[in-house]
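J.: What follows is query.cif, mmCIF, C-alpha atoms.
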```cif
data_final
#
loop_
_atom_site.label_atom_id
_atom_site.label_comp_id
_atom_site.auth_asym_id
_atom_site.auth_seq_id
_atom_site.Cartn_x
_atom_site.Cartn_y
_atom_site.Cartn_z
CA MET J 647 105.66 87.53 123.43
CA ALA J 648 105.01 89.49 126.62
CA ARG J 649 101.90 91.61 126.62
CA ILE J 650 102.47 95.30 125.84
CA ASN J 651 100.86 97.59 128.42
CA ARG J 652 103.08 100.65 128.29
CA ILE J 653 104.69 102.31 125.25
CA GLY J 654 107.07 105.21 124.83
CA VAL J 655 107.32 107.62 121.92
CA PHE J 656 110.16 109.96 120.98
CA THR J 657 111.52 112.04 118.12
CA SER J 658 115.17 111.93 117.15
CA GLY J 659 117.59 113.48 114.67
CA GLY J 660 116.57 116.44 112.53
CA ASP J 661 113.08 117.80 113.13
CA ALA J 662 110.47 117.54 110.38
CA PRO J 663 107.02 119.10 109.93
CA GLY J 664 104.42 116.49 110.86
CA MET J 665 106.28 114.98 113.79
CA ASN J 666 103.72 116.47 116.16
CA ALA J 667 100.89 114.93 114.16
CA ALA J 668 102.63 111.55 114.50
CA ILE J 669 103.08 111.99 118.26
CA ARG J 670 99.40 112.88 118.55
CA ALA J 671 98.36 109.77 116.63
CA VAL J 672 100.57 107.48 118.73
CA VAL J 673 99.36 108.92 122.03
CA ARG J 674 95.66 108.86 121.25
CA THR J 675 95.71 105.46 119.54
CA GLY J 676 97.66 104.04 122.47
CA ILE J 677 95.15 105.39 124.95
CA SER J 678 92.25 104.03 122.90
CA GLU J 679 93.95 100.61 123.05
CA GLY J 680 94.11 100.78 126.83
CA LEU J 681 97.85 101.47 126.94
CA ASP J 682 99.80 103.83 129.13
CA VAL J 683 101.78 106.17 126.87
CA PHE J 684 104.98 107.97 127.85
CA GLY J 685 106.68 110.80 126.03
CA ILE J 686 110.48 110.72 125.97
CA TYR J 687 112.08 114.14 125.55
CA ARG J 688 115.16 114.85 123.40
CA GLY J 689 115.30 111.46 121.71
CA TYR J 690 117.96 108.98 122.78
CA GLU J 691 119.57 111.64 124.97
CA GLY J 692 116.38 111.92 127.00
CA LEU J 693 116.08 108.16 127.16
CA ILE J 694 119.55 107.97 128.72
CA ASP J 695 118.84 110.86 131.11
CA GLY J 696 115.40 109.59 132.09
CA GLN J 697 113.46 112.54 130.70
CA ILE J 698 110.26 110.52 130.53
CA GLU J 699 106.74 111.70 131.33
CA PRO J 700 103.29 110.11 131.08
CA MET J 701 101.06 111.55 128.36
CA GLN J 702 97.31 111.96 128.26
CA SER J 703 94.96 112.79 125.41
CA HIS J 704 95.05 116.48 126.32
CA SER J 705 98.86 116.40 126.20
CA VAL J 706 98.63 116.39 122.41
CA SER J 707 95.76 118.83 121.97
CA ASN J 708 96.27 121.65 119.46
CA ILE J 709 99.58 120.34 118.08
CA ILE J 710 98.64 118.75 114.75
CA GLN J 711 99.17 122.08 112.96
CA ARG J 712 102.48 122.90 114.66
CA GLY J 713 105.91 122.40 113.12
CA GLY J 714 108.89 121.04 115.02
CA THR J 715 108.30 118.54 117.82
CA ILE J 716 106.85 119.08 121.29
CA LEU J 717 109.05 116.24 122.56
CA LYS J 718 112.18 118.07 121.36
CA THR J 719 114.92 116.25 119.51
CA ALA J 720 118.67 115.72 119.68
CA ARG J 721 121.50 113.71 118.18
CA SER J 722 123.04 111.43 120.79
CA LYS J 723 126.71 110.39 120.70
CA ARG J 724 126.24 108.68 124.06
CA PHE J 725 123.70 106.25 122.61
CA MET J 726 126.37 105.08 120.17
CA GLU J 727 128.24 103.62 123.17
CA LYS J 728 127.14 100.44 124.92
CA VAL J 729 127.15 102.12 128.33
CA GLY J 730 124.63 104.71 127.06
CA ARG J 731 122.33 102.05 125.67
CA ILE J 732 122.46 100.12 128.94
CA GLN J 733 121.41 103.24 130.85
CA ALA J 734 118.56 103.78 128.37
CA TYR J 735 117.39 100.20 128.87
CA GLU J 736 117.51 100.58 132.66
CA ASN J 737 115.30 103.66 132.43
CA LEU J 738 112.78 101.77 130.29
CA LYS J 739 112.65 99.03 132.91
CA LYS J 740 112.30 101.64 135.66
CA TYR J 741 109.20 103.07 133.99
CA LYS J 742 108.01 99.58 132.97
CA ILE J 743 107.79 100.66 129.32
CA ASP J 744 107.29 97.55 127.17
CA ALA J 745 107.87 98.98 123.67
CA LEU J 746 109.01 102.10 121.82
CA ILE J 747 107.95 104.07 118.76
CA ALA J 748 110.81 106.12 117.33
CA ILE J 749 110.14 108.96 114.89
CA GLY J 750 113.16 109.97 112.82
CA GLY J 751 115.50 109.09 109.97
CA ASP J 752 118.30 106.67 109.22
CA GLY J 753 120.38 107.62 112.26
CA THR J 754 117.38 107.05 114.50
CA PHE J 755 116.69 103.67 112.93
CA THR J 756 120.34 102.63 113.12
CA GLY J 757 120.21 103.16 116.88
CA ALA J 758 116.86 101.41 117.14
CA ASP J 759 118.14 98.40 115.19
CA VAL J 760 121.15 98.00 117.50
CA PHE J 761 119.03 98.46 120.62
CA ASN J 762 116.46 95.93 119.41
CA SER J 763 119.21 93.39 118.73
CA GLU J 764 121.07 93.88 122.01
CA PHE J 765 118.12 93.82 124.37
CA ASP J 766 115.47 91.98 122.31
CA TYR J 767 113.30 95.04 122.83
CA PRO J 768 110.24 95.85 120.67
CA ILE J 769 110.71 99.04 118.64
CA LEU J 770 108.93 100.38 115.58
CA GLY J 771 110.00 103.44 113.60
CA LEU J 772 108.12 106.16 111.76
CA PRO J 773 109.96 107.85 108.86
CA GLY J 774 110.28 111.46 109.98
CA THR J 775 112.75 113.33 107.77
CA ILE J 776 112.38 116.03 105.13
CA ASP J 777 114.93 114.29 102.87
CA ASN J 778 112.56 111.47 101.77
CA ASP J 779 115.57 109.17 101.51
CA LEU J 780 114.39 106.11 103.45
CA TYR J 781 113.84 102.84 101.62
CA GLY J 782 110.45 101.26 102.27
CA THR J 783 108.12 104.24 101.98
CA ASP J 784 107.02 106.42 99.08
CA TYR J 785 107.16 109.55 101.21
CA THR J 786 108.56 110.48 104.60
CA ILE J 787 106.88 112.73 107.14
CA GLY J 788 107.97 116.32 106.47
CA PHE J 789 109.01 115.97 102.84
CA ASP J 790 105.88 117.48 101.32
CA THR J 791 106.00 120.52 103.60
CA ALA J 792 109.70 121.11 102.90
CA VAL J 793 109.05 121.01 99.15
CA ASN J 794 106.18 123.48 99.48
CA THR J 795 108.45 125.80 101.48
CA VAL J 796 111.09 125.68 98.75
CA VAL J 797 108.51 126.29 96.03
CA GLU J 798 107.09 129.33 97.82
CA ALA J 799 110.55 130.82 98.32
CA ALA J 800 111.72 130.02 94.77
CA ASP J 801 108.62 131.59 93.24
CA LYS J 802 109.44 134.84 95.04
CA ILE J 803 113.07 134.67 93.97
CA ARG J 804 111.88 134.13 90.38
CA ASP J 805 110.10 137.49 90.58
CA THR J 806 113.25 139.39 91.46
CA ALA J 807 115.34 137.34 89.02
CA THR J 808 113.00 138.38 86.22
CA SER J 809 112.98 142.01 87.31
CA HIS J 810 116.78 142.26 87.29
CA ASP J 811 117.65 139.80 84.49
CA ARG J 812 119.57 137.59 86.91
CA LEU J 813 120.39 133.93 87.29
CA PHE J 814 119.79 132.63 90.82
CA PHE J 815 121.37 129.52 92.27
CA ILE J 816 119.11 128.29 95.07
CA GLU J 817 120.61 125.76 97.47
CA VAL J 818 118.19 123.35 99.15
CA MET J 819 118.72 120.60 101.71
CA GLY J 820 119.81 117.19 100.51
CA ARG J 821 123.29 116.16 101.61
CA ASP J 822 122.98 112.64 100.21
CA ALA J 823 119.70 112.72 98.27
CA GLY J 824 118.14 115.04 95.71
CA PHE J 825 114.44 114.44 96.32
CA ILE J 826 113.70 117.96 97.58
CA ALA J 827 115.68 119.52 94.74
CA LEU J 828 114.00 117.39 92.08
CA ARG J 829 110.42 117.83 93.25
CA SER J 830 110.71 121.56 93.92
CA GLY J 831 112.81 122.18 90.80
CA VAL J 832 110.12 120.72 88.55
CA ALA J 833 107.42 122.63 90.40
CA VAL J 834 109.10 126.02 89.93
CA GLY J 835 110.24 125.39 86.36
CA ALA J 836 113.94 125.59 87.20
CA GLU J 837 116.31 125.81 84.25
CA PHE J 838 118.58 123.19 85.86
CA ILE J 839 118.36 120.84 88.85
CA LEU J 840 121.64 119.62 90.36
CA VAL J 841 121.49 116.58 92.65
CA PRO J 842 123.99 114.23 94.38
CA GLU J 843 122.76 111.25 92.35
CA THR J 844 124.20 112.61 89.10
CA THR J 845 127.55 114.12 88.12
CA THR J 846 127.56 117.85 87.52
CA TYR J 847 129.90 119.01 84.75
CA ILE J 848 130.46 122.72 85.19
CA ASP J 849 131.68 123.23 81.62
CA ASN J 850 128.53 121.63 80.26
CA LEU J 851 126.30 123.60 82.64
CA ALA J 852 127.97 126.86 81.64
CA ARG J 853 127.68 126.04 77.95
CA LEU J 854 123.96 125.26 78.22
CA LEU J 855 123.26 128.38 80.26
CA LYS J 856 125.11 130.51 77.73
CA HIS J 857 123.06 128.92 74.95
CA ASP J 858 119.81 129.66 76.83
CA TRP J 859 120.72 133.31 77.27
CA ARG J 860 121.75 133.74 73.66
CA LYS J 861 118.51 132.16 72.52
CA SER J 862 115.87 133.94 74.54
CA LYS J 863 116.26 133.89 78.31
CA THR J 864 117.23 136.81 80.49
CA SER J 865 116.65 135.25 83.93
CA GLY J 866 116.48 131.85 85.51
CA LEU J 867 116.75 129.52 88.48
CA VAL J 868 119.14 126.68 89.17
CA ILE J 869 118.14 124.45 92.08
CA VAL J 870 121.17 122.91 93.81
CA ALA J 871 121.00 120.12 96.40
CA GLU J 872 123.60 120.88 99.09
CA GLY J 873 125.32 117.53 98.50
CA ASP J 874 125.91 118.01 94.76
CA ASP J 875 129.33 116.69 93.75
CA ALA J 876 130.40 120.01 92.21
CA GLY J 877 129.98 121.78 95.55
CA GLY J 878 127.38 124.04 97.09
CA ALA J 879 125.52 126.83 95.35
CA TYR J 880 128.22 129.45 96.04
CA GLU J 881 130.99 127.35 94.51
CA ILE J 882 128.94 126.36 91.48
CA ALA J 883 127.79 129.95 90.90
CA ARG J 884 131.39 131.18 91.16
CA GLN J 885 132.60 128.74 88.52
CA VAL J 886 129.71 129.48 86.18
CA GLN J 887 130.26 133.23 86.55
CA GLU J 888 133.91 132.82 85.61
CA LYS J 889 133.06 130.84 82.49
CA VAL J 890 130.11 133.00 81.43
CA PRO J 891 130.88 136.52 82.71
CA GLU J 892 127.92 138.06 80.91
CA LEU J 893 125.57 136.31 83.34
CA ASP J 894 124.54 138.17 86.49
CA CYS J 895 124.64 135.36 89.07
CA ARG J 896 123.21 135.45 92.58
CA VAL J 897 122.98 132.80 95.32
CA THR J 898 120.31 132.05 97.91
CA ILE J 899 120.72 129.32 100.53
CA LEU J 900 117.35 128.41 102.03
CA GLY J 901 118.82 126.44 104.93
CA HIS J 902 116.76 125.52 107.96
CA ILE J 903 113.67 127.40 106.80
CA GLN J 904 112.90 124.10 105.05
CA ARG J 905 112.54 122.27 108.37
CA GLY J 906 110.04 124.61 109.98
CA GLY J 907 106.50 125.74 109.46
CA SER J 908 103.04 124.30 109.76
CA PRO J 909 102.91 120.83 108.14
CA SER J 910 100.97 120.42 104.91
CA SER J 911 97.74 118.43 104.82
CA ASN J 912 99.65 115.57 103.15
CA ASP J 913 102.18 115.40 105.99
CA ARG J 914 99.48 115.59 108.67
CA PHE J 915 97.55 112.82 106.95
CA LEU J 916 100.59 110.58 106.47
CA ALA J 917 101.80 111.10 110.04
CA SER J 918 98.36 110.31 111.46
CA ILE J 919 98.02 107.08 109.49
CA LEU J 920 101.52 105.87 110.35
CA GLY J 921 101.22 106.75 114.05
CA TYR J 922 97.93 104.88 114.28
CA ALA J 923 99.32 101.90 112.36
CA ALA J 924 102.44 101.73 114.53
CA VAL J 925 100.51 101.28 117.76
CA LYS J 926 98.18 98.71 116.23
CA SER J 927 101.16 96.85 114.76
CA LEU J 928 103.01 96.67 118.08
CA ARG J 929 99.99 94.93 119.56
CA ASP J 930 100.07 92.52 116.59
CA GLY J 931 103.69 91.56 117.24
CA HIS J 932 105.61 93.74 114.78
CA ARG J 933 109.05 94.88 115.95
CA GLY J 934 112.37 96.01 114.50
CA GLU J 935 110.64 97.59 111.50
CA MET J 936 109.91 100.94 109.92
CA VAL J 937 106.23 101.62 109.27
CA GLY J 938 105.86 103.32 105.89
CA MET J 939 103.44 103.83 103.06
CA ILE J 940 103.84 102.25 99.62
CA ASP J 941 101.17 102.65 96.93
CA LYS J 942 98.80 104.08 99.56
CA GLN J 943 99.10 100.97 101.73
CA VAL J 944 100.84 100.68 105.10
CA SER J 945 104.08 98.72 104.70
CA PHE J 946 106.71 97.26 107.04
CA THR J 947 110.44 97.29 106.30
CA PRO J 948 113.10 95.88 108.65
CA PHE J 949 115.33 98.62 110.05
CA GLU J 950 118.46 97.13 108.51
CA LYS J 951 116.84 97.16 105.07
CA ALA J 952 115.43 100.69 105.41
CA ILE J 953 118.92 101.91 106.32
CA LYS J 954 121.01 99.79 103.95
CA TYR J 955 119.20 100.13 100.64
CA ASN J 956 119.36 103.35 98.67
CA LYS J 957 116.19 105.00 97.47
CA ASP J 958 116.98 106.51 94.09
CA ILE J 959 115.41 109.53 92.44
CA ASN J 960 113.44 109.15 89.23
CA HIS J 961 115.98 110.00 86.54
CA GLN J 962 113.27 110.28 83.87
CA ILE J 963 111.76 113.18 85.80
CA LEU J 964 115.18 114.83 85.91
CA GLU J 965 115.39 114.51 82.12
CA MET J 966 111.84 115.81 81.79
CA SER J 967 112.66 118.89 83.86
CA ARG J 968 115.29 119.99 81.36
CA ILE J 969 112.95 119.53 78.40
CA LEU J 970 110.22 121.55 80.07
CA ALA J 971 112.66 124.35 80.88
CA LEU J 972 113.74 124.85 77.24
#
```
Any chance you could put this one into structure tokens?
T.:
Amino acid sequence: MARINRIGVFTSGGDAPGMNAAIRAVVRTGISEGLDVFGIYRGYEGLIDGQIEPMQSHSVSNIIQRGGTILKTARSKRFMEKVGRIQAYENLKKYKIDALIAIGGDGTFTGADVFNSEFDYPILGLPGTIDNDLYGTDYTIGFDTAVNTVVEAADKIRDTATSHDRLFFIEVMGRDAGFIALRSGVAVGAEFILVPETTTYIDNLARLLKHDWRKSKTSGLVIVAEGDDAGGAYEIARQVQEKVPELDCRVTILGHIQRGGSPSSNDRFLASILGYAAVKSLRDGHRGEMVGMIDKQVSFTPFEKAIKYNKDINHQILEMSRILAL
């Protein structure tokens, strides 16, 4: 294997709190290893357009506490085409960059897997997504912060729900996975948690809510992952209101507030460890893998496996949440 002297780092797909901490770790570990480190702006789009700049230690000063990503991010349709990937490869050769570290989610790793196969090019990935849906790591960078954001917002909504005797349906991110909904729903004591991994029966939900109100409750929260099979929070609330008209239903969609904000200590810590490990691992010959954390140990999962295999929620916790909300 050719010696690695220059590495590039970029962020791709949806932004996640902690990406800056990961960039910082990659840059400073690379420099400590005697490598030249280059930042690639706007993900695969920037790689195609040649938006590449050398980075020094001071380039990543005072960013560990910042949300978003200083390298910007984008979704690239051009990289899905062979001609775009060829242009990206030519730019890497132009800057004599020997290996890449990609920070992102399944879309990012899908592109990295194809690129690695086509050009036999060393790439490692760091799991940067608030959804926590990547196989091969217990937690992804950004997940903990997103959950804390939801909990803070839901606690405030609980106050007004209690004051007005209302039932709030709070929609959180999670088009294909319910990890944010499950973790935050348990933390705020939600009456119900609706996730894509289970089937939502509106008649059953309405019946249980009606029973709760008859028994003792006058307010409550229902956490809804945006990808729930019964629809989003507005549609579910509309159907419940029709079936149980005595309820005073309201809807709040948290949206992109979940992506922003200063990363939690857990996300900063995770991002720092994984960024450090990625650089060290490239020097040790690892390539075509996602660097994650399982049982507090750094782990390596091939891109194709991290993308292909589904990471399921803990259904026992979902059952527990209902018992604790009685």
J.: Quick one: residues within 10 Å of J:Lys856, only C-alpha atoms, excluding same-chain residues fewer than 2 positions away - as number ranges by chain?
T.: J: 850-854, 858-861, 863, 886, 889-893
J.: Once you have the residues from the selection above, write them out as a PDB file, keeping the file's coordinate frame, restricted to C-alpha atoms.
T.:
```pdb
ATOM      1  CA  ASN J 850     128.530 121.630  80.260  1.00  0.00           C
ATOM      2  CA  LEU J 851     126.300 123.600  82.640  1.00  0.00           C
ATOM      3  CA  ALA J 852     127.970 126.860  81.640  1.00  0.00           C
ATOM      4  CA  ARG J 853     127.680 126.040  77.950  1.00  0.00           C
ATOM      5  CA  LEU J 854     123.960 125.260  78.220  1.00  0.00           C
ATOM      6  CA  ASP J 858     119.810 129.660  76.830  1.00  0.00           C
ATOM      7  CA  TRP J 859     120.720 133.310  77.270  1.00  0.00           C
ATOM      8  CA  ARG J 860     121.750 133.740  73.660  1.00  0.00           C
ATOM      9  CA  LYS J 861     118.510 132.160  72.520  1.00  0.00           C
ATOM     10  CA  LYS J 863     116.260 133.890  78.310  1.00  0.00           C
ATOM     11  CA  VAL J 886     129.710 129.480  86.180  1.00  0.00           C
ATOM     12  CA  LYS J 889     133.060 130.840  82.490  1.00  0.00           C
ATOM     13  CA  VAL J 890     130.110 133.000  81.430  1.00  0.00           C
ATOM     14  CA  PRO J 891     130.880 136.520  82.710  1.00  0.00           C
ATOM     15  CA  GLU J 892     127.920 138.060  80.910  1.00  0.00           C
ATOM     16  CA  LEU J 893     125.570 136.310  83.340  1.00  0.00           C
TER      17      LEU J 893
END
```
J.: Starting from the displayed file, determine the output of the PyMOL selection byres ((chain J and resi 810) around 12) and express the residue list as a list in words.
T.: Ile803, Arg804, Asp805, Thr806, Ala807, Thr808, Ser809, Asp811, Arg812, Leu813, Phe814, Thr864, Ser865, Gly866, Leu893, Asp894, Cys895 and Arg896 of chain J
J.: Go through J:Gly782, J:Gly750, J:Pro773, J:Pro842 one by one, measure the shortest atom-to-atom distance of each to J:Ile826 using only C-alpha atoms, and give the residue with the smallest value.
T.: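 Checking each candidate against J:Ile826, we get J:Pro842 as the closest.
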J.: Output as CSV one row per residue of stretch 735-756 of chain J within 12 Å of stretch 675-682 of chain J: the closest atom pair and its distance in Å to one decimal place, counting only C-alpha atoms, sorted by chain and residue number ascending.
T.:
```
residue,atom,partner,partner_atom,distance
J:Tyr741,CA,J:Asp682,CA,10.6
J:Lys742,CA,J:Asp682,CA,10.0
J:Ile743,CA,J:Asp682,CA,8.6
J:Asp744,CA,J:Asp682,CA,10.0
J:Ala745,CA,J:Leu681,CA,10.8
J:Leu746,CA,J:Gly676,CA,11.5
J:Ile747,CA,J:Gly676,CA,10.9
```
J.: When you look at J:Arg724 with a cut-off of 9 Å (counting only C-alpha atoms), what residues show up, excluding the ones that are within fewer than 3 positions of it in the same chain? I need them as a PyMOL selection string.
T.: chain J and resi 690-691+694+727-731
J.: Which centre and edge lengths in Å to one decimal define the box along x, y and z that fits every listed atom of stretch 698-716 of chain J plus 6 Å per side, as lines of an AutoDock Vina configuration file?
T.:
```
center_x = 102.6
center_y = 116.5
center_z = 122.1
size_x = 27.3
size_y = 24.8
size_z = 30.4
```
J.: I need the residue set behind the PyMOL selection byres ((chain J and resi 876) around 10) for this file; please write it as a list in words.
T.: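 With the PyMOL selection byres ((chain J and resi 876) around 10) on this model, the match is Leu840, Val841, Pro842, Thr845, Thr846, Tyr847, Ile848, Val870, Glu872, Gly873, Asp874, Asp875, Gly877, Gly878, Ala879, Glu881, Ile882 and Gln885 of chain J.
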J.: Between atom CA of J:Gly751 and atom CA of J:Met936, what is the spacing in Å?
T.: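 A separation of 9.9 Å between them.
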J.: Around (112.9, 98.6, 107.8) in the file's frame, which residues reach within 12 Å when counting only C-alpha atoms? Return as a PyMOL selection string?
T.: chain J and resi 751-752+754-756+758-759+769-773+780-783+932-939+945-955
J.: May I have a table of the residues of stretch 768-788 of chain J lying at most 10 Å from stretch 657-662 of chain J, giving each one's closest pair of atoms and their distance in Å to one decimal, counting all atoms listed in the file, ordered by chain and ascending residue number, as JSON lines?
T.:
```
{"residue": "J:Gly771", "atom": "CA", "partner": "J:Thr657", "partner_atom": "CA", "distance": 9.8}
{"residue": "J:Leu772", "atom": "CA", "partner": "J:Thr657", "partner_atom": "CA", "distance": 9.3}
{"residue": "J:Pro773", "atom": "CA", "partner": "J:Ala662", "partner_atom": "CA", "distance": 9.8}
{"residue": "J:Gly774", "atom": "CA", "partner": "J:Ala662", "partner_atom": "CA", "distance": 6.1}
{"residue": "J:Thr775", "atom": "CA", "partner": "J:Ala662", "partner_atom": "CA", "distance": 5.5}
{"residue": "J:Ile776", "atom": "CA", "partner": "J:Ala662", "partner_atom": "CA", "distance": 5.8}
{"residue": "J:Asp777", "atom": "CA", "partner": "J:Ala662", "partner_atom": "CA", "distance": 9.3}
{"residue": "J:Thr786", "atom": "CA", "partner": "J:Ala662", "partner_atom": "CA", "distance": 9.3}
{"residue": "J:Ile787", "atom": "CA", "partner": "J:Ala662", "partner_atom": "CA", "distance": 6.8}
{"residue": "J:Gly788", "atom": "CA", "partner": "J:Ala662", "partner_atom": "CA", "distance": 4.8}
```
